[in-house]
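K.L.:
Let me begin by handing over the structure; questions about it come next.
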Amino acid sequence: MVAISFFAGAGGLDLGIEQAGFDIRLALELEETYCETLRRNGHQNVGQGNIMEYTVQRIRDEANLGPNDEIDLMFGGSPCQSFSTAGNRQAFADERGQAMLKFVRLVNEASPRFFLLENVKGLLSAALRHRPLNQRGGEFPPLEEDELPGSALDYLLNQLTNYNISIHEVNSADYGVPQKRVRIFVIGVRNDLNLDFRFPSPTHNENGENGLSRWRTFNDAISNLNIINHTYSNYSQKQLHYMRMIPLGGGNWRDLPNDVVEEAMGGAYNSGGGKVGYFRRIKLDKPSPTLLTSPKQKSTILGHPLEDRPLSIEEYLAIQEFPHDYYVHGTLTQQYTQIGNAVPVRLATVIGESIAQHLLALENL
């Protein structure tokens with residue numbers, strides 16, 4: 001089963017797809033540092049370059065595919081910043097959103113049997129043209145059609161007329177990943193295959209009910225780690241001062257003493273929202289929250305439940321279920337970014353195996 005990978009990053013999605021039995025003939029990645037991560041972990045054919053500069057013929061040439069060789073799967077987790085609710089939501093006006101449109105154009109031209117696109121939940125609600133919140137309301141004109149929530153995704157899917165498409169909102173914890181990570185998977189099957197893709201059913205739930213297994217926890221993820229010296233980015237002195245006040249075993253800013261909490265939170269104290277990421281120790285007996293590109297940002301701290309430090313690179317790898325000896329190239333910041341952006345390997349394998357089963361069923365018709 002021939003596959004082509006885009007936006008490969010640290011290789012979490014690639015590793016799972018490969019474990020599902022696919023032969024990844026080419027992995028494309030923009031950042032040279034990330035390409036070195038892929039190479040050092042045995043990826044056979046890594047293309048360093050910008051997807052915007054690729055044609056289908058260049059992809060086929062670099063993947064060593066003959067004119068009659070069919071591509072079974074094109075997949076990738078495209079940059080999410082232009083769709084994230086934490087960003088400016090510029091959708092396809094942003095160069096990172098343009099990369100997603102380019103992926104869709106390449107799918108249309110290459111016509112693989114399947115495609116898979118992963119992105120953040122914000123993709124479901126992003127508008128094709130974002131109107132700032134302070135320009136909405138009674139004194140402003142109604143939202144136009146391309147300003148409505150979901151119009152960006154509608155635009156994207158309308159480009160893919162040759163595919164039967166299904167959209168799946170997935171919590172990784174429901175598939176045995178020790179992390180509550182919600183992402184969107186858009187999966188397309190070429191129309192001429194006359195096939196409806198069935199996304200794999202969850203294997204886990206929070207309490208292990210209805211015949212499913214209980215969610216796996218942070219403690220499960222690290223139980224077999226034999227690391228003496230963890231690699232991590234230190235808190236600032238101010239962060240450390242307040243983090244030492246958070247109870248061992250899990251908590252956040254709400255657990256700070258009443259006489260220091262407002263001082264610790266600064267301007268965020270009177271802002272809206274739950275602010276659960278401020279001064280957060282994750283819980284030992286729960287799945288990890290979504291891993292981020294840094295575990296020590298002010299509003300998104302991922303603190304160790306029992307030690308006064310952020311999660312380490314080794315713990316990041318364990319939570320994402322990379323192999324224990326997986327090498328991540330680059331600076332500490334680049335390592336956190338690569339791992340935090342990855343699709344959990346176990347989830348990638350589950351989805352890859354499901355696509356593989358559908359492909360094998362076609363061969364047996």
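Each chain of the structure tokens is named A, B, ... in the order shown, its residues numbered from 1; ligands are numbered from 1 in display order.
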For region 333-345 of chain A, list every protein, DNA or RNA residue within 6 Å, evaluated using only C-alpha atoms, and leave out those in the same chain fewer than 4 positions away; present the list as a VMD selection string.

P.N.:
chain A and resid 10 12 to 13 16 291 to 294 320 to 321 328

K.L.:
Using only C-alpha atoms, please write the residues we just selected to a file, as a compact mmCIF listing (two decimals), in the first residue's frame.

P.N.:
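Once everything was written out, this is selection.txt:
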# COMPACT_ATOMS: atom_id res chain seq x y z
CA ALA A 10 8.45 14.68 13.99
CA GLY A 12 3.99 10.67 14.69
CA LEU A 13 1.38 10.27 11.97
CA GLY A 16 1.49 5.04 12.88
CA LEU A 291 0.48 18.46 24.82
CA LEU A 292 1.49 21.90 23.58
CA THR A 293 4.53 23.29 21.83
CA SER A 294 5.86 24.46 25.20
CA GLN A 320 2.58 10.69 22.47
CA GLU A 321 3.68 7.02 22.52
CA VAL A 328 14.25 14.29 18.19

K.L.:
List the spatial neighbours of Leu15 (chain A) as a PyMOL selection string - criterion: any atom at most 8 Å away, only C-alpha atoms, same-chain residues fewer than 3 positions off excluded.

P.N.:
chain A and resi 11-12+18-19+345+348-349

K.L.:
Write a file of the just-selected residues containing N, CA and C atoms, as a compact mmCIF listing (two decimals), in the first residue's frame.

P.N.:
# COMPACT_ATOMS: atom_id res chain seq x y z
N GLY A 11 7.02 13.06 12.83
CA GLY A 11 6.75 11.74 12.29
C GLY A 11 5.76 10.89 13.05
N GLY A 12 4.96 11.48 13.95
CA GLY A 12 3.99 10.67 14.69
C GLY A 12 2.96 10.03 13.79
N GLU A 18 2.82 3.85 8.96
CA GLU A 18 3.77 2.81 8.58
C GLU A 18 3.53 1.53 9.37
N GLN A 19 3.25 1.67 10.66
CA GLN A 19 2.95 0.49 11.47
C GLN A 19 1.68 -0.21 11.02
N VAL A 345 1.05 8.41 18.19
CA VAL A 345 1.39 7.27 17.33
C VAL A 345 0.31 6.20 17.39
N ALA A 348 -2.66 7.22 15.32
CA ALA A 348 -2.31 7.14 13.90
C ALA A 348 -2.35 5.70 13.42
N THR A 349 -1.88 4.78 14.23
CA THR A 349 -1.88 3.37 13.86
C THR A 349 -3.31 2.84 13.73

K.L.:
Need to verify the contact set: Leu302 (chain A), 6 Å, only C-alpha atoms, exclusion of same-chain residues closer than 2 positions in sequence. Can you return it as a list in words?

P.N.:
Arg280, Pro295 and Pro310 of chain A

K.L.:
Keeping C-alpha atoms for every residue in the selection just given, could you write it to a file as an mmCIF file, in the first residue's frame?

P.N.:
data_model
loop_
_atom_site.group_PDB
_atom_site.id
_atom_site.type_symbol
_atom_site.label_atom_id
_atom_site.label_comp_id
_atom_site.auth_asym_id
_atom_site.auth_seq_id
_atom_site.Cartn_x
_atom_site.Cartn_y
_atom_site.Cartn_z
ATOM 1 C CA ARG A 280 -1.178 23.813 36.325
ATOM 2 C CA PRO A 295 4.995 23.205 28.712
ATOM 3 C CA PRO A 310 7.457 21.175 33.579
#

K.L.:
Could you work out how far CA of Asp174 (chain A) lies from CA of Met1 (chain A), giving the answer in Å with one decimal?

P.N.:
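According to the coordinates, CA of Met1 (chain A) and CA of Asp174 (chain A) are separated by 27.0 Å.
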
K.L.:
Residues within 9 Å of Val170 (chain A), please, as an MDAnalysis selection string. Count only C-alpha atoms; anything in the same chain fewer than 5 positions from it doesn't count.

P.N.:
chainID A and resid 175 181:185

K.L.:
Selection from above, C-alpha atoms, as an mmCIF file, in the first residue's frame, can you write it?

P.N.:
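The file below, selection-v1.cif, is the result:
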data_model
loop_
_atom_site.group_PDB
_atom_site.id
_atom_site.type_symbol
_atom_site.label_atom_id
_atom_site.label_comp_id
_atom_site.auth_asym_id
_atom_site.auth_seq_id
_atom_site.Cartn_x
_atom_site.Cartn_y
_atom_site.Cartn_z
ATOM 1 C CA TYR A 175 -8.373 5.095 21.678
ATOM 2 C CA ARG A 181 -6.309 15.508 22.758
ATOM 3 C CA VAL A 182 -9.263 16.448 20.543
ATOM 4 C CA ARG A 183 -8.571 16.736 16.829
ATOM 5 C CA ILE A 184 -10.464 16.613 13.540
ATOM 6 C CA PHE A 185 -9.781 13.955 10.914
#

K.L.:
So which residues of region 84-308 of chain A fall under strand (DSSP E or B) by DSSP, listed as a VMD selection string?

P.N.:
chain A and resid 114 to 120 163 to 171 179 to 180 182 to 190 204 to 205 213 to 214 251 281 288 to 289 303

K.L.:
Might you pull out every residue within 12 Å of Arg254 (chain A), with only C-alpha atoms counted and same-chain residues fewer than 3 positions away left off, and present them as an MDAnalysis selection string?

P.N.:
chainID A and resid 242:243 245:247 250:251 257:262 264:265 269 274:281

K.L.:
Let me make sure I understand: among A:Thr217, A:Leu116, A:His43, A:Pro149, which one has the smallest atom-to-atom distance to His130 (chain A) if we use only C-alpha atoms?

P.N.:
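Among the listed residues, A:Pro149 lies closest to His130 (chain A).
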
K.L.:
What is the CA of Tyr163 (chain A) to CA of Asn191 (chain A) distance in Å?

P.N.:
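Answer for the CA of Tyr163 (chain A) to CA of Asn191 (chain A) separation: 5.0 Å.
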
K.L.:
Tell me which of A:Gln135, A:Asn164, A:Leu153, A:Ser125 sits closest to Met100 (chain A), counting only C-alpha atoms.

P.N.:
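Distance minimum relative to Met100 (chain A) lands on A:Leu153.
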
K.L.:
Calculate how many Å separate CA of Gly176 (chain A) from CA of Ala318 (chain A), rounding to one decimal.

P.N.:
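Computing the Euclidean distance for CA of Gly176 (chain A) and CA of Ala318 (chain A) yields 12.8 Å.
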
K.L.:
Identify, on the basis of only C-alpha atoms, every residue whose closest approach to Thr161 (chain A) does not exceed 12 Å; exclude the query and any residue fewer than 5 positions from it along the same chain; express the result as a list in words.

P.N.:
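Using only C-alpha atoms, the neighbours found are Val104, Arg105, Val107, Asn108, Glu109, Ser111, Asp154, Tyr155, Leu156, Gly188, Val189, Arg190, Asn191 and Asp192 of chain A.
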
K.L.:
So that I have them on file, write out the residues from the current selection with C-alpha atoms, as an mmCIF file, in the first residue's frame.

P.N.:
data_model
loop_
_atom_site.group_PDB
_atom_site.id
_atom_site.type_symbol
_atom_site.label_atom_id
_atom_site.label_comp_id
_atom_site.auth_asym_id
_atom_site.auth_seq_id
_atom_site.Cartn_x
_atom_site.Cartn_y
_atom_site.Cartn_z
ATOM 1 C CA VAL A 104 -6.279 19.543 -1.465
ATOM 2 C CA ARG A 105 -5.212 20.562 -4.975
ATOM 3 C CA VAL A 107 -5.076 15.302 -3.847
ATOM 4 C CA ASN A 108 -7.391 16.318 -6.682
ATOM 5 C CA GLU A 109 -4.602 16.045 -9.250
ATOM 6 C CA SER A 111 -6.268 11.130 -7.245
ATOM 7 C CA ASP A 154 -17.328 24.102 3.371
ATOM 8 C CA TYR A 155 -15.081 25.862 0.883
ATOM 9 C CA LEU A 156 -12.372 23.249 1.359
ATOM 10 C CA GLY A 188 -11.854 10.965 1.758
ATOM 11 C CA VAL A 189 -12.462 7.881 -0.384
ATOM 12 C CA ARG A 190 -12.351 8.222 -4.160
ATOM 13 C CA ASN A 191 -15.877 8.051 -5.553
ATOM 14 C CA ASP A 192 -15.222 5.302 -8.084
#
